[in-house]
file model17.tsv (TSV, C-alpha atoms)
chain	number	residue	atom	x	y	z
A	1	MET	CA	73.92	145.54	94.70
A	2	LYS	CA	74.83	142.06	95.74
A	3	ALA	CA	73.42	138.99	94.10
A	4	ARG	CA	73.57	135.36	95.02
A	5	VAL	CA	73.20	132.69	92.35
A	6	HIS	CA	72.19	129.15	93.31
A	7	ILE	CA	73.08	126.53	90.72
A	8	MET	CA	71.77	122.97	90.96
A	9	LEU	CA	71.72	119.99	88.64
A	10	LYS	CA	68.28	119.66	87.09
A	11	ASN	CA	65.91	117.05	88.39
A	12	GLY	CA	66.47	113.81	86.55
A	13	VAL	CA	70.20	114.42	86.09
A	14	LEU	CA	72.11	111.94	88.23
A	15	ASP	CA	74.33	113.70	90.76
A	16	PRO	CA	77.18	111.28	91.54
A	17	GLN	CA	78.74	113.68	94.07
A	18	GLY	CA	75.46	114.04	95.94
A	19	GLU	CA	75.14	110.25	95.98
A	20	ALA	CA	78.66	109.88	97.40
A	21	VAL	CA	77.82	112.39	100.15
A	22	ARG	CA	74.62	110.47	100.90
A	23	HIS	CA	76.57	107.22	101.29
A	24	ALA	CA	79.12	108.92	103.54
A	25	LEU	CA	76.37	110.30	105.76
A	26	GLY	CA	74.90	106.81	106.01
A	27	SER	CA	78.25	105.39	107.07
A	28	LEU	CA	78.45	108.05	109.80
A	29	GLY	CA	75.18	106.73	111.18
A	30	PHE	CA	72.85	109.40	109.79
A	31	ASP	CA	70.02	107.12	108.80
A	32	GLY	CA	67.12	108.20	106.70
A	33	VAL	CA	68.92	110.55	104.32
A	34	GLU	CA	66.94	109.68	101.23
A	35	GLY	CA	68.57	112.05	98.81
A	36	VAL	CA	71.44	114.53	98.55
A	37	ARG	CA	71.88	117.03	95.73
A	38	GLN	CA	75.03	119.09	95.60
A	39	GLY	CA	75.10	122.46	93.87
A	40	LYS	CA	77.06	125.69	94.03
A	41	VAL	CA	76.51	129.23	95.22
A	42	ILE	CA	78.10	132.23	93.51
A	43	GLU	CA	78.01	135.69	95.11
A	44	LEU	CA	78.47	138.78	92.98
A	45	ASP	CA	79.13	142.41	93.93
A	46	LEU	CA	77.60	144.61	91.26
A	47	ALA	CA	78.09	148.30	90.46
A	48	GLU	CA	74.52	148.55	89.13
A	49	PRO	CA	72.36	150.29	91.82
A	50	ASP	CA	69.00	149.36	90.29
A	51	ALA	CA	67.80	145.99	91.56
A	52	SER	CA	65.77	144.98	88.55
A	53	LYS	CA	68.52	145.95	86.10
A	54	ALA	CA	71.06	144.12	88.22
A	55	GLU	CA	68.89	141.03	88.31
A	56	ALA	CA	68.52	141.12	84.53
A	57	GLN	CA	72.31	141.34	84.20
A	58	VAL	CA	72.85	138.39	86.50
A	59	THR	CA	70.27	136.34	84.64
A	60	GLU	CA	72.17	136.96	81.41
A	61	MET	CA	75.42	135.99	83.17
A	62	CYS	CA	73.79	132.71	84.21
A	63	GLU	CA	72.60	131.97	80.69
A	64	ARG	CA	75.94	132.79	79.07
A	65	LEU	CA	78.47	131.48	81.58
A	66	LEU	CA	77.55	130.71	85.18
A	67	ALA	CA	75.22	127.79	84.51
A	68	ASN	CA	75.16	125.16	81.79
A	69	THR	CA	71.45	124.94	81.18
A	70	VAL	CA	71.78	121.53	79.52
A	71	ILE	CA	72.13	120.03	82.98
A	72	GLU	CA	71.85	122.88	85.49
A	73	SER	CA	69.09	125.14	86.72
A	74	TYR	CA	69.78	128.43	88.48
A	75	ARG	CA	68.03	130.84	90.80
A	76	VAL	CA	69.06	134.47	91.25
A	77	GLU	CA	68.60	136.11	94.64
A	78	MET	CA	69.21	139.85	95.10
A	79	ILE	CA	70.59	140.60	98.57
B	3	MET	CA	97.55	121.19	55.60
B	4	LYS	CA	97.82	124.04	58.09
B	5	ALA	CA	96.79	122.98	61.56
B	6	ALA	CA	96.38	125.11	64.68
B	7	VAL	CA	96.61	123.67	68.18
B	8	ILE	CA	94.94	125.92	70.75
B	9	VAL	CA	96.82	126.43	74.02
B	10	PHE	CA	95.00	127.51	77.18
B	11	PRO	CA	96.53	127.98	80.62
B	12	GLY	CA	96.31	124.42	81.93
B	13	SER	CA	96.39	122.63	78.58
B	14	ASN	CA	98.72	119.67	78.91
B	15	CYS	CA	98.17	117.58	75.77
B	16	ASP	CA	98.86	120.40	73.31
B	17	ARG	CA	102.37	119.26	72.46
B	18	ASP	CA	101.31	115.61	72.11
B	19	MET	CA	98.64	116.76	69.66
B	20	ALA	CA	101.15	118.84	67.70
B	21	VAL	CA	103.54	115.86	67.51
B	22	ALA	CA	100.79	113.58	66.17
B	23	LEU	CA	99.68	116.15	63.58
B	24	ARG	CA	103.26	116.86	62.45
B	25	ALA	CA	103.96	113.14	62.17
B	26	ALA	CA	101.00	112.93	59.78
B	27	GLY	CA	102.53	115.75	57.70
B	28	ALA	CA	100.72	118.84	58.96
B	29	ASP	CA	102.24	122.31	59.30
B	30	VAL	CA	101.32	123.04	62.93
B	31	SER	CA	101.04	126.38	64.75
B	32	MET	CA	100.48	126.66	68.48
B	33	VAL	CA	97.87	129.36	69.10
B	34	TRP	CA	97.51	131.10	72.47
B	35	HIS	CA	94.04	131.56	73.96
B	36	LYS	CA	94.30	135.36	73.96
B	37	ASP	CA	94.80	135.51	70.20
B	38	VAL	CA	91.70	136.71	68.43
B	39	ASP	CA	92.44	135.12	65.05
B	40	LEU	CA	93.63	131.77	63.79
B	41	PRO	CA	96.73	131.93	61.57
B	42	SER	CA	95.59	132.77	58.05
B	43	GLY	CA	94.93	129.70	55.93
B	44	THR	CA	94.25	127.41	58.89
B	45	ASP	CA	92.51	124.27	57.63
B	46	PHE	CA	92.24	122.31	60.82
B	47	VAL	CA	91.96	123.23	64.51
B	48	ALA	CA	92.73	120.92	67.40
B	49	VAL	CA	91.53	121.74	70.90
B	50	PRO	CA	93.74	119.64	73.16
B	51	GLY	CA	93.31	117.92	76.49
B	52	GLY	CA	94.28	119.28	79.87
B	53	PHE	CA	92.67	121.30	82.61
B	54	SER	CA	92.10	124.69	81.00
B	55	PHE	CA	91.69	127.40	83.61
B	56	GLY	CA	91.92	124.78	86.32
B	57	ASP	CA	88.48	123.39	85.40
B	58	TYR	CA	87.10	126.35	87.37
B	59	LEU	CA	83.32	126.79	87.26
B	60	ARG	CA	82.84	123.79	84.92
B	61	CYS	CA	85.30	121.91	82.73
B	62	GLY	CA	85.90	123.93	79.59
B	63	ALA	CA	83.49	126.73	80.53
B	64	ILE	CA	86.04	129.53	80.91
B	65	ALA	CA	88.10	128.38	77.92
B	66	ALA	CA	84.97	128.38	75.76
B	67	LYS	CA	84.62	132.14	76.38
B	68	SER	CA	88.25	132.95	75.55
B	69	PRO	CA	89.01	135.20	72.56
B	70	ILE	CA	90.42	132.40	70.40
B	71	CYS	CA	87.32	130.26	70.86
B	72	LYS	CA	85.23	132.82	69.01
B	73	ALA	CA	87.62	132.36	66.08
B	74	VAL	CA	87.35	128.57	66.42
B	75	VAL	CA	83.53	128.77	66.35
B	76	ASP	CA	83.69	131.04	63.28
B	77	HIS	CA	86.08	128.57	61.62
B	78	ALA	CA	83.65	125.69	62.33
B	79	ASN	CA	80.69	127.72	61.12
B	80	ARG	CA	82.53	128.35	57.84
B	81	GLY	CA	82.81	124.57	57.43
B	82	GLY	CA	86.31	124.25	58.92
B	83	TYR	CA	87.51	121.08	60.61
B	84	VAL	CA	87.84	120.93	64.40
B	85	LEU	CA	88.95	118.11	66.67
B	86	GLY	CA	88.47	118.38	70.43
B	87	VAL	CA	90.03	115.73	72.64
B	88	CYS	CA	89.23	115.28	76.33
B	89	ASN	CA	89.21	118.83	77.76
B	90	GLY	CA	88.92	119.93	74.13
B	91	PHE	CA	85.65	117.97	73.86
B	92	GLN	CA	84.43	119.69	77.02
B	93	VAL	CA	85.36	123.08	75.53
B	94	LEU	CA	83.50	122.30	72.29
B	95	THR	CA	80.30	121.39	74.17
B	96	GLU	CA	80.59	124.60	76.17
B	97	THR	CA	80.91	126.65	72.98
B	98	GLY	CA	77.76	125.00	71.67
B	99	LEU	CA	79.54	123.52	68.62
B	100	LEU	CA	78.62	120.07	69.93
B	101	PRO	CA	75.52	119.15	71.94
B	102	GLY	CA	75.44	117.76	75.48
B	103	VAL	CA	77.86	118.08	78.34
B	104	LEU	CA	80.60	116.09	80.10
B	105	MET	CA	79.82	115.45	83.75
B	106	ARG	CA	81.78	113.99	86.65
B	107	ASN	CA	82.55	110.28	86.11
B	108	ALA	CA	79.82	108.12	87.61
B	109	GLY	CA	82.41	106.41	89.83
B	110	LEU	CA	83.76	109.83	90.93
B	111	LYS	CA	87.34	108.74	90.25
B	112	TYR	CA	89.85	110.02	87.75
B	113	ILE	CA	90.45	107.18	85.29
B	114	CYS	CA	93.68	106.74	83.34
B	115	LYS	CA	93.91	103.54	81.30
B	116	HIS	CA	93.54	102.01	77.85
B	117	ILE	CA	89.95	101.27	76.94
B	118	GLY	CA	88.21	99.49	74.08
B	119	LEU	CA	86.81	102.06	71.68
B	120	ARG	CA	84.27	100.97	69.10
B	121	VAL	CA	84.17	102.88	65.81
B	122	VAL	CA	80.47	103.49	65.17
B	123	THR	CA	80.72	105.31	61.86
B	124	SER	CA	83.45	105.60	59.27
B	125	GLN	CA	81.62	108.52	57.63
B	126	SER	CA	83.91	111.40	58.64
B	127	ILE	CA	87.46	112.49	57.91
B	128	PHE	CA	88.34	111.45	61.44
B	129	THR	CA	87.08	107.89	61.18
B	130	GLU	CA	87.28	106.95	57.49
B	131	GLY	CA	90.55	105.12	58.11
B	132	TYR	CA	88.59	102.61	60.20
B	133	ASN	CA	85.65	100.34	59.56
B	134	ALA	CA	82.43	100.71	61.53
B	135	GLY	CA	82.60	98.06	64.23
B	136	ASP	CA	86.40	98.16	64.61
B	137	ILE	CA	87.54	98.04	68.22
B	138	LEU	CA	90.54	100.28	68.95
B	139	SER	CA	92.73	100.42	72.03
B	140	ILE	CA	93.05	104.09	73.01
B	141	PRO	CA	93.90	105.65	76.38
B	142	ILE	CA	91.51	107.73	78.42
B	143	ALA	CA	92.60	110.10	81.20
B	144	HIS	CA	89.74	112.06	82.70
B	145	HIS	CA	87.67	112.86	85.76
B	146	ASP	CA	84.77	114.40	83.87
B	147	GLY	CA	84.03	112.25	80.86
B	148	ASN	CA	80.49	111.20	81.64
B	149	TYR	CA	78.68	112.29	78.49
B	150	PHE	CA	75.14	113.46	79.05
B	151	ALA	CA	72.48	114.71	76.68
B	152	ASP	CA	68.72	114.37	76.94
B	153	THR	CA	66.97	111.41	75.36
B	154	ASP	CA	65.81	113.34	72.28
B	155	GLN	CA	69.31	114.67	71.66
B	156	VAL	CA	70.90	111.23	71.99
B	157	LYS	CA	68.32	109.78	69.61
B	158	ALA	CA	69.04	112.58	67.13
B	159	LEU	CA	72.78	111.85	67.33
B	160	GLN	CA	72.14	108.17	66.71
B	161	ASP	CA	69.59	108.73	63.91
B	162	GLN	CA	71.97	111.12	62.15
B	163	ASP	CA	74.90	108.69	62.48
B	164	ARG	CA	76.76	111.28	64.54
B	165	VAL	CA	78.00	108.98	67.31
B	166	ALA	CA	81.59	108.47	66.18
B	167	PHE	CA	82.79	106.23	69.01
B	168	THR	CA	81.37	104.24	71.91
B	169	TYR	CA	83.10	102.49	74.80
B	170	THR	CA	83.07	98.70	74.71
B	171	ASP	CA	83.01	98.70	78.52
B	172	ASN	CA	81.58	102.02	79.73
B	173	PRO	CA	84.12	103.42	82.24
B	174	ASN	CA	82.41	106.67	83.25
B	175	GLY	CA	78.62	106.41	83.02
B	176	SER	CA	78.27	108.09	79.62
B	177	VAL	CA	74.76	107.87	78.22
B	178	SER	CA	74.52	105.13	75.54
B	179	ASP	CA	78.28	104.45	76.05
B	180	ILE	CA	79.07	107.54	73.96
B	181	ALA	CA	82.79	108.39	73.76
B	182	GLY	CA	82.81	110.76	70.78
B	183	ILE	CA	80.33	112.69	68.64
B	184	LEU	CA	80.26	114.59	65.37
B	185	SER	CA	78.65	117.91	64.47
B	186	GLU	CA	75.79	118.01	62.00
B	187	ASN	CA	78.15	118.74	59.09
B	188	ARG	CA	80.48	115.93	60.36
B	189	ARG	CA	83.47	118.29	60.41
B	190	VAL	CA	83.70	118.78	64.17
B	191	LEU	CA	84.56	115.79	66.36
B	192	GLY	CA	84.70	115.76	70.14
B	193	MET	CA	85.98	112.68	71.95
B	194	MET	CA	87.17	111.86	75.46
B	195	PRO	CA	89.81	109.21	74.55
B	196	HIS	CA	93.23	110.41	73.39
B	197	PRO	CA	94.12	109.27	69.84
B	198	GLU	CA	97.26	111.44	69.98
B	199	ARG	CA	98.53	109.19	72.77
B	200	ALA	CA	98.24	106.13	70.54
B	201	ALA	CA	99.93	107.44	67.42
B	202	ASP	CA	103.56	106.35	67.75
B	203	ASP	CA	105.26	103.01	68.34
B	204	GLY	CA	106.72	104.49	71.52
B	205	HIS	CA	103.21	104.93	72.90
B	206	GLY	CA	102.62	101.20	73.18
B	207	GLY	CA	99.96	101.29	70.50
B	208	THR	CA	99.19	103.07	67.25
B	209	ASP	CA	95.43	102.65	66.89
B	210	GLY	CA	94.96	106.43	66.84
B	211	LYS	CA	97.38	107.00	63.99
B	212	ALA	CA	94.87	106.37	61.18
B	213	MET	CA	92.80	109.31	62.39
B	214	PHE	CA	95.61	111.80	61.83
B	215	ARG	CA	96.53	110.16	58.51
B	216	THR	CA	93.03	110.47	57.06
B	217	ILE	CA	92.59	114.03	58.35
B	218	PHE	CA	95.79	115.02	56.57
B	219	GLN	CA	94.95	113.16	53.35
B	220	THR	CA	91.45	114.62	53.11
B	221	VAL	CA	92.44	118.18	53.86
B	222	VAL	CA	95.40	118.11	51.48
B	223	ALA	CA	93.28	116.58	48.71
B	224	ALA	CA	90.52	119.17	49.17
call {"tool": "encode", "arguments": {"input": "model17.tsv", "output": "C-alpha cells"}}
result
Amino acid sequence: MKARVHIMLKNGVLDPQGEAVRHALGSLGFDGVEGVRQGKVIELDLAEPDASKAEAQVTEMCERLLANTVIESYRVEMI
Amino acid sequence: MKAAVIVFPGSNCDRDMAVALRAAGADVSMVWHKDVDLPSGTDFVAVPGGFSFGDYLRCGAIAAKSPICKAVVDHANRGGYVLGVCNGFQVLTETGLLPGVLMRNAGLKYICKHIGLRVVTSQSIFTEGYNAGDILSIPIAHHDGNYFADTDQVKALQDQDRVAFTYTDNPNGSVSDIAGILSENRRVLGMMPHPERAADDGHGGTDGKAMFRTIFQTVVAA
C-alpha cells in the first residue's frame, strides 16, 4: 500500500512562510491572492496489504511523529 | 553534582554547555543519543542547542524519539532536573515534557544577537540567582524560536508562575513574549536564549552564570 499524508498548520495558527509566499506572489503581479498556507506532503510505501490496517498505522504515525498536533492538522490518503 | 549533556547528530552547543556546567563545579558526562540509559547517579540533564538531525520534519522532532530521550523523560518524571536550551527547548516540547511548540520566527530570518531577557520568576533552581524583574543580556541564535501555545495553555503557564523568562523586545513573534517556560514541578526549564554563551568573561557578558551556579548549589545541597 501507498499512503500520502497532508500536513497543514491548523486554522488560526499564523503561517509566516505562507505569508511570505503571498507577498512574493503579489510582487510578481499576481493580484488577488488573499491567503497562502504552506504545508507538507509525506508519501509512504507500506508492507501492509490491508488498506484499513495500513490507514490505522499511518494515523498512529501521524499522532506520534509526523505531525505536531499542537499546531498541525493532518489528512491521510491511501493511494 | 553529576550532569549529563545529551549529544545528537547536529548538536553544536553541547561543548559550550559542558564548559559552563564544569565551570560551576559539575561532573559532566557527554551522552550519545543512541544510549538507552543516563549514567547512573545523574542529577541533572542538559539538552543543548544545535540542529539535531538537521531539523528534518520539525525542529527537535526526530531527536525527541531517540533512545536517550526516553531516559530523559523518565528522569524528568522521577523528579530529575532538565534544562533544554534552544534546540534543546524544541526537543523538550516535542517529547511532551513542556507544552507548546517553537515555530518559524515571525520575520522568517535566523536571528543571532544579544537580547534583553526579563526574569519573570525566581522560583526555580534555574532562576533563583536572579530577582523577578531583572533584565539580563543573553544571546539568542535561532530560526525557529517563535513560541506558540493556545490561549488556555498560555494562561495556565502564567497563572502557575511557569513563565521563567520573557523578551523585553520580542524578536521572533513568541506569544506573550515568552522566551522560557518551566514544567509543572518547576524542575524542567526550556528556553531559547543561550545562558551558556554568557557564562564566562571571554563571552562578553556573564549574565547567564548565576543560572549554572544556583543549579549546582541546589543539587549539591539536596
call {"tool": "closest_residue", "arguments": {"input": "model17.tsv", "among": "B:Cys61, B:Val21, B:Ile127, B:Leu110", "to": "Val21 in chain A", "atoms": "only C-alpha atoms"}}
result
B:Leu110
call {"tool": "closest_residue", "arguments": {"input": "model17.tsv", "among": "B:Val75, B:Val222, B:Ala212, B:Leu159", "to": "Glu186 in chain B", "atoms": "all atoms listed in the file"}}
result
B:Leu159
call {"tool": "closest_residue", "arguments": {"input": "model17.tsv", "among": "B:Leu184, B:Met194, B:Val156, B:Ala65", "to": "Tyr169 in chain B", "atoms": "all atoms listed in the file"}}
result
B:Met194
call {"tool": "residues_around", "arguments": {"input": "model17.tsv", "residues": "range 27-36 of chain A", "least_positions_apart": "4", "cutoff": "9 Å", "atoms": "all atoms listed in the file", "output": "PyMOL selection string"}}
result
chain A and resi 15+17-23
call {"tool": "closest_residue", "arguments": {"input": "model17.tsv", "among": "A:Leu14, A:Ile42, A:Ala47, A:Ala24", "to": "Met61 in chain A", "atoms": "only C-alpha atoms"}}
result
A:Ile42
call {"tool": "atom_distance", "arguments": {"input": "model17.tsv", "atom1": "CA of Glu48 in chain A", "atom2": "CA of Cys62 in chain A"}}
result
16.6 Å
call {"tool": "closest_residue", "arguments": {"input": "model17.tsv", "among": "B:Gly204, B:Val30, B:Ser13, B:His77", "to": "Gly56 in chain B", "atoms": "all atoms listed in the file"}}
result
B:Ser13
call {"tool": "decode", "arguments": {"input": "model17.tsv", "residues": "chain A", "atoms": "C-alpha atoms", "output": "mmCIF file, in the first residue's frame"}}
result
data_model
loop_
_atom_site.group_PDB
_atom_site.id
_atom_site.type_symbol
_atom_site.label_atom_id
_atom_site.label_comp_id
_atom_site.auth_asym_id
_atom_site.auth_seq_id
_atom_site.Cartn_x
_atom_site.Cartn_y
_atom_site.Cartn_z
ATOM 1 C CA MET A 1 0.000 0.000 0.000
ATOM 2 C CA LYS A 2 0.989 3.568 -0.528
ATOM 3 C CA ALA A 3 -0.211 6.383 1.651
ATOM 4 C CA ARG A 4 0.035 10.109 1.305
ATOM 5 C CA VAL A 5 -0.102 12.331 4.378
ATOM 6 C CA HIS A 6 -1.011 16.003 4.044
ATOM 7 C CA ILE A 7 0.104 18.154 6.958
ATOM 8 C CA MET A 8 -1.078 21.743 7.353
ATOM 9 C CA LEU A 9 -0.886 24.318 10.110
ATOM 10 C CA LYS A 10 -4.229 24.495 11.885
ATOM 11 C CA ASN A 11 -6.563 27.353 11.147
ATOM 12 C CA GLY A 12 -5.782 30.247 13.440
ATOM 13 C CA VAL A 13 -2.057 29.451 13.592
ATOM 14 C CA LEU A 14 -0.169 32.183 11.762
ATOM 15 C CA ASP A 15 1.851 30.783 8.868
ATOM 16 C CA PRO A 16 4.755 33.200 8.320
ATOM 17 C CA GLN A 17 6.088 31.194 5.363
ATOM 18 C CA GLY A 18 2.708 31.239 3.643
ATOM 19 C CA GLU A 19 2.531 34.990 4.219
ATOM 20 C CA ALA A 20 5.984 35.468 2.681
ATOM 21 C CA VAL A 21 4.907 33.464 -0.378
ATOM 22 C CA ARG A 22 1.750 35.572 -0.642
ATOM 23 C CA HIS A 23 3.805 38.783 -0.618
ATOM 24 C CA ALA A 24 6.177 37.385 -3.254
ATOM 25 C CA LEU A 25 3.260 36.455 -5.500
ATOM 26 C CA GLY A 26 1.915 39.987 -5.120
ATOM 27 C CA SER A 27 5.267 41.456 -6.132
ATOM 28 C CA LEU A 28 5.222 39.256 -9.251
ATOM 29 C CA GLY A 29 1.941 40.885 -10.213
ATOM 30 C CA PHE A 30 -0.417 38.097 -9.139
ATOM 31 C CA ASP A 31 -3.105 40.274 -7.646
ATOM 32 C CA GLY A 32 -5.937 38.969 -5.579
ATOM 33 C CA VAL A 33 -4.109 36.212 -3.703
ATOM 34 C CA GLU A 34 -5.899 36.635 -0.410
ATOM 35 C CA GLY A 35 -4.237 33.870 1.512
ATOM 36 C CA VAL A 36 -1.457 31.288 1.214
ATOM 37 C CA ARG A 37 -0.972 28.363 3.578
ATOM 38 C CA GLN A 38 2.096 26.207 3.205
ATOM 39 C CA GLY A 39 2.120 22.603 4.375
ATOM 40 C CA LYS A 40 3.945 19.383 3.608
ATOM 41 C CA VAL A 41 3.198 16.099 1.908
ATOM 42 C CA ILE A 42 4.756 12.819 3.034
ATOM 43 C CA GLU A 43 4.442 9.664 0.911
ATOM 44 C CA LEU A 44 4.889 6.261 2.497
ATOM 45 C CA ASP A 45 5.355 2.806 0.959
ATOM 46 C CA LEU A 46 3.885 0.259 3.333
ATOM 47 C CA ALA A 47 4.269 -3.531 3.514
ATOM 48 C CA GLU A 48 0.758 -3.877 4.978
ATOM 49 C CA PRO A 49 -1.596 -5.102 2.179
ATOM 50 C CA ASP A 50 -4.840 -4.321 4.022
ATOM 51 C CA ALA A 51 -5.970 -0.758 3.365
ATOM 52 C CA SER A 52 -7.798 -0.181 6.605
ATOM 53 C CA LYS A 53 -4.974 -1.611 8.714
ATOM 54 C CA ALA A 54 -2.468 0.461 6.767
ATOM 55 C CA GLU A 55 -4.522 3.584 7.290
ATOM 56 C CA ALA A 56 -4.701 2.910 11.028
ATOM 57 C CA GLN A 57 -0.908 2.523 11.103
ATOM 58 C CA VAL A 58 -0.372 5.787 9.264
ATOM 59 C CA THR A 59 -2.779 7.591 11.571
ATOM 60 C CA GLU A 60 -0.734 6.401 14.548
ATOM 61 C CA MET A 61 2.457 7.543 12.781
ATOM 62 C CA CYS A 62 0.906 10.991 12.368
ATOM 63 C CA GLU A 63 -0.080 11.199 16.018
ATOM 64 C CA ARG A 64 3.302 10.035 17.298
ATOM 65 C CA LEU A 65 5.757 11.650 14.888
ATOM 66 C CA LEU A 66 4.688 13.006 11.515
ATOM 67 C CA ALA A 67 2.506 15.851 12.767
ATOM 68 C CA ASN A 68 2.689 18.020 15.862
ATOM 69 C CA THR A 69 -0.979 18.252 16.703
ATOM 70 C CA VAL A 70 -0.424 21.339 18.858
ATOM 71 C CA ILE A 71 -0.196 23.360 15.660
ATOM 72 C CA GLU A 72 -0.711 20.959 12.763
ATOM 73 C CA SER A 73 -3.622 19.013 11.346
ATOM 74 C CA TYR A 74 -3.147 16.024 9.057
ATOM 75 C CA ARG A 75 -5.109 14.063 6.483
ATOM 76 C CA VAL A 76 -4.248 10.523 5.414
ATOM 77 C CA GLU A 77 -4.941 9.458 1.844
ATOM 78 C CA MET A 78 -4.498 5.826 0.766
ATOM 79 C CA ILE A 79 -3.325 5.590 -2.855
#
